[in-house]
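The block underneath contains the structure these notes are about, expressed in structure tokens.
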Amino acid sequence: MSFFDKLFGRKNSADSAKERLQLVLIHDRTDLTPAELESLRDDLVATISRHVEIDVTAMQFGVEHDGRSQRLVADIPIKNAARRRASRKSRAK
Amino acid sequence: MPAQVITVTSGKGGVGKTTAVANLAVALASNGSKVVCIDGDIGLRNLDVILGLENRIVYDIVDVIEGRCRLKQAMIKDKKLPNLHLIPAAQTRDKNAVSASDMNRLVKDLRSECDFVLIDSPAGIERGFKNAIAPADRVLVVTNPEVSAVRDADRVIGILEAEDKGPGALIINRLNPILVKKQDMLSADDVLDLLAVELIGIVPEDEGVLVGSNRGMPVSADPKSRAGQAFRNIARRLKGEEVPFLDLDSGVSLWERIQKLAGRK
């Protein structure tokens with residue numbers, strides 16, 4: 001990494017290599033393209049939303065690796081029921 | 001005791017499979033083990049030149065498989081290391097001349113003859129690779145600290161797991177400690193983190209490896225070479241010894257350290 005890279009706060013190339021490889025390996029190992037992952041996410045949101053109201057903007061969704069095995073990790077906040085009732089009431093008025 | 005059969009593979013070409021096989025063979029044979037190397041790269045014969053045995057070839061692996069000679073006749077004995085033998089690849093045939101069951105049969109006959117059978121796999125994940133891993137008890141995956149080599153190594157490790165060959169053990173070859181220090185090369189830890197397999201050796205980049213190939217004398221015979229030391233350590237690990245990994249920083253020359261201190265590198 002050159003002096004100028006450091007000066008302008010550019011990331012060193014080994015870190016870029018590692019980050020890029022992490023993503024590539026997840027896709028190679030799972031045979032899931034980023035587009036397929038996106039559509040899986042949308043299906044998941046649609047299914048869960050039929051049962052409970054969720055906060056889509058705050059949800060986290062992705063593939064994580066644990067050694068050589070991959071897992072799908074979703075963290076989906078459910079909207080508070082009291083608040084939901086309140087917002088329904090205010091809408092009803 | 002029957003031989004341990006070890007296949008060296010990588011996915012990507014040019015990462016140092018053949019050099020690794022030659023160096024491990026020399027290191028094991030110098031240590032008293034009887035070693036037979038098999039060049040599994042049919043049509044692209046190379047292990048013979050790296051070992052300096054290219055002028056001694058009469059019969060090759062396809063001659064044995066097709067019954068034109070006996071196994072013993074195709075085994076070239078290294079005059080410098082009488083414990084070391086090579087079964088060369090055929091140069092004028094292609095990979096379809098050999099099947100996985102041919103390899104299994106050939107290696108079965110060798111098991112009682114020696115301590116180690118080392119198989120040099122061709123690059124790729126096609127038939128030649130499948131033939132090379134078929135008889136293996138253990139597979140070593142060679143990679144370089146570089147994006148394409150690591151990605152291909154991951155594919156190969158995945159295939160080895162799917163074929164019940166175990167995950168394989170990793171050799172990180174051509175690691176340049178100065179580039180790692182400058183954070184312009186993946187470190188051994190980075191590569192291990194990504195691939196999540198057992199490590200069996202880290203070999204530093206070393207001009208001596210090329211010089212050794214030029215002369216047909218693998219660098220593991222040179223007691224002063226750093227890469228040679230790394231290969232000798234892998235050979236000892238294959239024999240079941242616990243050998244600590246090299247401190248690669250001490251391999252950085254004084255001049256390079258001065259340059260680094262002066263902020264030039």
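In the structure tokens, chains take the letters A, B, ... in the order shown, each chain's residues start at 1, and ligands count up from 1 in the order shown.
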
Discussion item. Using only C-alpha atoms and a cut-off of 8 Å, which residues of chain B sit close to chain A? Please list them as a PyMOL selection string.
Written reply: chain B and resi 146-147+151+154-155+158+180+182-187+190+193-197

Discussion item. List as an MDAnalysis selection string the protein and nucleic acid residues near Ile119 in chain B, meaning an atom at most 7 Å away when only C-alpha atoms are counted, but skip any in the same chain fewer than 6 places from it.
Written reply: chainID B and resid 6:8 37:40 132

Pull N, CA and C atoms from the residues just selected and write them as a compact mmCIF listing (two decimals), in the first residue's frame.
# COMPACT_ATOMS: atom_id res chain seq x y z
N ILE B 6 -0.63 -39.99 -1.47
CA ILE B 6 -0.93 -38.56 -1.33
C ILE B 6 -1.04 -37.92 -2.71
N THR B 7 -2.18 -37.29 -2.97
CA THR B 7 -2.35 -36.59 -4.24
C THR B 7 -2.24 -35.10 -4.01
N VAL B 8 -1.49 -34.43 -4.89
CA VAL B 8 -1.31 -32.99 -4.79
C VAL B 8 -2.10 -32.33 -5.92
N CYS B 37 6.80 -41.31 -7.23
CA CYS B 37 5.97 -40.20 -7.72
C CYS B 37 5.30 -40.64 -9.01
N ILE B 38 4.06 -40.23 -9.17
CA ILE B 38 3.35 -40.50 -10.42
C ILE B 38 2.96 -39.16 -11.04
N ASP B 39 3.36 -38.94 -12.28
CA ASP B 39 2.93 -37.74 -12.99
C ASP B 39 1.55 -38.04 -13.59
N GLY B 40 0.52 -37.40 -13.05
CA GLY B 40 -0.84 -37.69 -13.49
C GLY B 40 -1.32 -36.78 -14.60
N ALA B 132 -6.61 -38.66 -10.55
CA ALA B 132 -5.50 -38.46 -9.61
C ALA B 132 -5.96 -38.60 -8.16

Discussion item. DSSP on the backbone, strand (DSSP E or B) only: what residues of range 19-185 of chain B does that give? Format it as an NGL selection string.
Written reply: :B and (35-39 or 76-77 or 84-87 or 116-120 or 138-143 or 169-175)

Would you export the selected residues with N, CA and C atoms as an mmCIF file, in the first residue's frame, please?
data_model
loop_
_atom_site.group_PDB
_atom_site.id
_atom_site.type_symbol
_atom_site.label_atom_id
_atom_site.label_comp_id
_atom_site.auth_asym_id
_atom_site.auth_seq_id
_atom_site.Cartn_x
_atom_site.Cartn_y
_atom_site.Cartn_z
ATOM 1 N N VAL B 35 9.991 -43.560 -1.933
ATOM 2 C CA VAL B 35 8.947 -42.730 -2.536
ATOM 3 C C VAL B 35 8.770 -43.066 -4.019
ATOM 4 N N VAL B 36 7.544 -43.210 -4.452
ATOM 5 C CA VAL B 36 7.251 -43.307 -5.889
ATOM 6 C C VAL B 36 6.351 -42.136 -6.269
ATOM 7 N N CYS B 37 6.805 -41.312 -7.231
ATOM 8 C CA CYS B 37 5.974 -40.202 -7.722
ATOM 9 C C CYS B 37 5.299 -40.644 -9.009
ATOM 10 N N ILE B 38 4.058 -40.228 -9.167
ATOM 11 C CA ILE B 38 3.353 -40.497 -10.423
ATOM 12 C C ILE B 38 2.963 -39.159 -11.038
ATOM 13 N N ASP B 39 3.359 -38.944 -12.284
ATOM 14 C CA ASP B 39 2.926 -37.738 -12.991
ATOM 15 C C ASP B 39 1.549 -38.037 -13.592
ATOM 16 N N ILE B 76 11.377 -45.045 -12.893
ATOM 17 C CA ILE B 76 12.739 -44.539 -13.072
ATOM 18 C C ILE B 76 13.338 -44.271 -11.699
ATOM 19 N N LYS B 77 14.516 -44.837 -11.467
ATOM 20 C CA LYS B 77 15.174 -44.604 -10.182
ATOM 21 C C LYS B 77 16.101 -43.393 -10.297
ATOM 22 N N LEU B 84 14.136 -42.669 -4.480
ATOM 23 C CA LEU B 84 13.128 -41.892 -5.202
ATOM 24 C C LEU B 84 12.894 -42.479 -6.600
ATOM 25 N N HIS B 85 11.613 -42.708 -6.915
ATOM 26 C CA HIS B 85 11.255 -43.257 -8.224
ATOM 27 C C HIS B 85 10.179 -42.404 -8.870
ATOM 28 N N LEU B 86 10.198 -42.389 -10.196
ATOM 29 C CA LEU B 86 9.179 -41.634 -10.939
ATOM 30 C C LEU B 86 8.509 -42.531 -11.966
ATOM 31 N N ILE B 87 7.181 -42.470 -11.992
ATOM 32 C CA ILE B 87 6.448 -43.063 -13.119
ATOM 33 C C ILE B 87 5.968 -41.880 -13.960
ATOM 34 N N PHE B 116 5.710 -44.006 0.464
ATOM 35 C CA PHE B 116 4.849 -42.924 -0.020
ATOM 36 C C PHE B 116 4.648 -43.016 -1.528
ATOM 37 N N VAL B 117 3.392 -42.867 -1.951
ATOM 38 C CA VAL B 117 3.107 -42.664 -3.377
ATOM 39 C C VAL B 117 2.617 -41.225 -3.486
ATOM 40 N N LEU B 118 3.311 -40.402 -4.273
ATOM 41 C CA LEU B 118 2.899 -39.003 -4.461
ATOM 42 C C LEU B 118 2.368 -38.841 -5.874
ATOM 43 N N ILE B 119 1.123 -38.388 -5.997
ATOM 44 C CA ILE B 119 0.522 -38.237 -7.326
ATOM 45 C C ILE B 119 0.376 -36.758 -7.650
ATOM 46 N N ASP B 120 0.948 -36.359 -8.784
ATOM 47 C CA ASP B 120 0.842 -34.978 -9.252
ATOM 48 C C ASP B 120 -0.391 -34.887 -10.145
ATOM 49 N N ARG B 138 -4.924 -39.276 1.113
ATOM 50 C CA ARG B 138 -4.861 -37.914 1.627
ATOM 51 C C ARG B 138 -4.634 -36.989 0.438
ATOM 52 N N VAL B 139 -5.284 -35.824 0.448
ATOM 53 C CA VAL B 139 -5.111 -34.886 -0.663
ATOM 54 C C VAL B 139 -4.536 -33.578 -0.131
ATOM 55 N N LEU B 140 -3.489 -33.096 -0.798
ATOM 56 C CA LEU B 140 -2.933 -31.793 -0.455
ATOM 57 C C LEU B 140 -3.373 -30.804 -1.528
ATOM 58 N N VAL B 141 -3.914 -29.665 -1.097
ATOM 59 C CA VAL B 141 -4.375 -28.646 -2.038
ATOM 60 C C VAL B 141 -3.380 -27.486 -1.985
ATOM 61 N N VAL B 142 -2.767 -27.204 -3.143
ATOM 62 C CA VAL B 142 -1.798 -26.107 -3.203
ATOM 63 C C VAL B 142 -2.526 -24.846 -3.664
ATOM 64 N N THR B 143 -2.258 -23.727 -2.990
ATOM 65 C CA THR B 143 -2.824 -22.473 -3.459
ATOM 66 C C THR B 143 -1.789 -21.365 -3.304
ATOM 67 N N ALA B 169 -5.653 -31.062 2.930
ATOM 68 C CA ALA B 169 -4.809 -30.182 3.742
ATOM 69 C C ALA B 169 -4.175 -29.155 2.807
ATOM 70 N N LEU B 170 -4.016 -27.953 3.314
ATOM 71 C CA LEU B 170 -3.649 -26.832 2.455
ATOM 72 C C LEU B 170 -2.153 -26.507 2.501
ATOM 73 N N ILE B 171 -1.565 -26.299 1.309
ATOM 74 C CA ILE B 171 -0.219 -25.727 1.217
ATOM 75 C C ILE B 171 -0.376 -24.328 0.621
ATOM 76 N N ILE B 172 0.008 -23.309 1.373
ATOM 77 C CA ILE B 172 -0.008 -21.950 0.832
ATOM 78 C C ILE B 172 1.382 -21.694 0.262
ATOM 79 N N ASN B 173 1.434 -21.617 -1.057
ATOM 80 C CA ASN B 173 2.728 -21.537 -1.741
ATOM 81 C C ASN B 173 2.981 -20.110 -2.230
ATOM 82 N N ARG B 174 4.246 -19.735 -2.312
ATOM 83 C CA ARG B 174 4.659 -18.428 -2.842
ATOM 84 C C ARG B 174 4.137 -17.253 -2.029
ATOM 85 N N LEU B 175 4.177 -17.388 -0.727
ATOM 86 C CA LEU B 175 3.777 -16.272 0.123
ATOM 87 C C LEU B 175 4.948 -15.298 0.216
#

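Distance annotation: of B:Leu71, B:Val156, B:Val243, B:Val15, the residue with the minimal separation from Glu205 in chain B is B:Val15; atom set is only C-alpha atoms.
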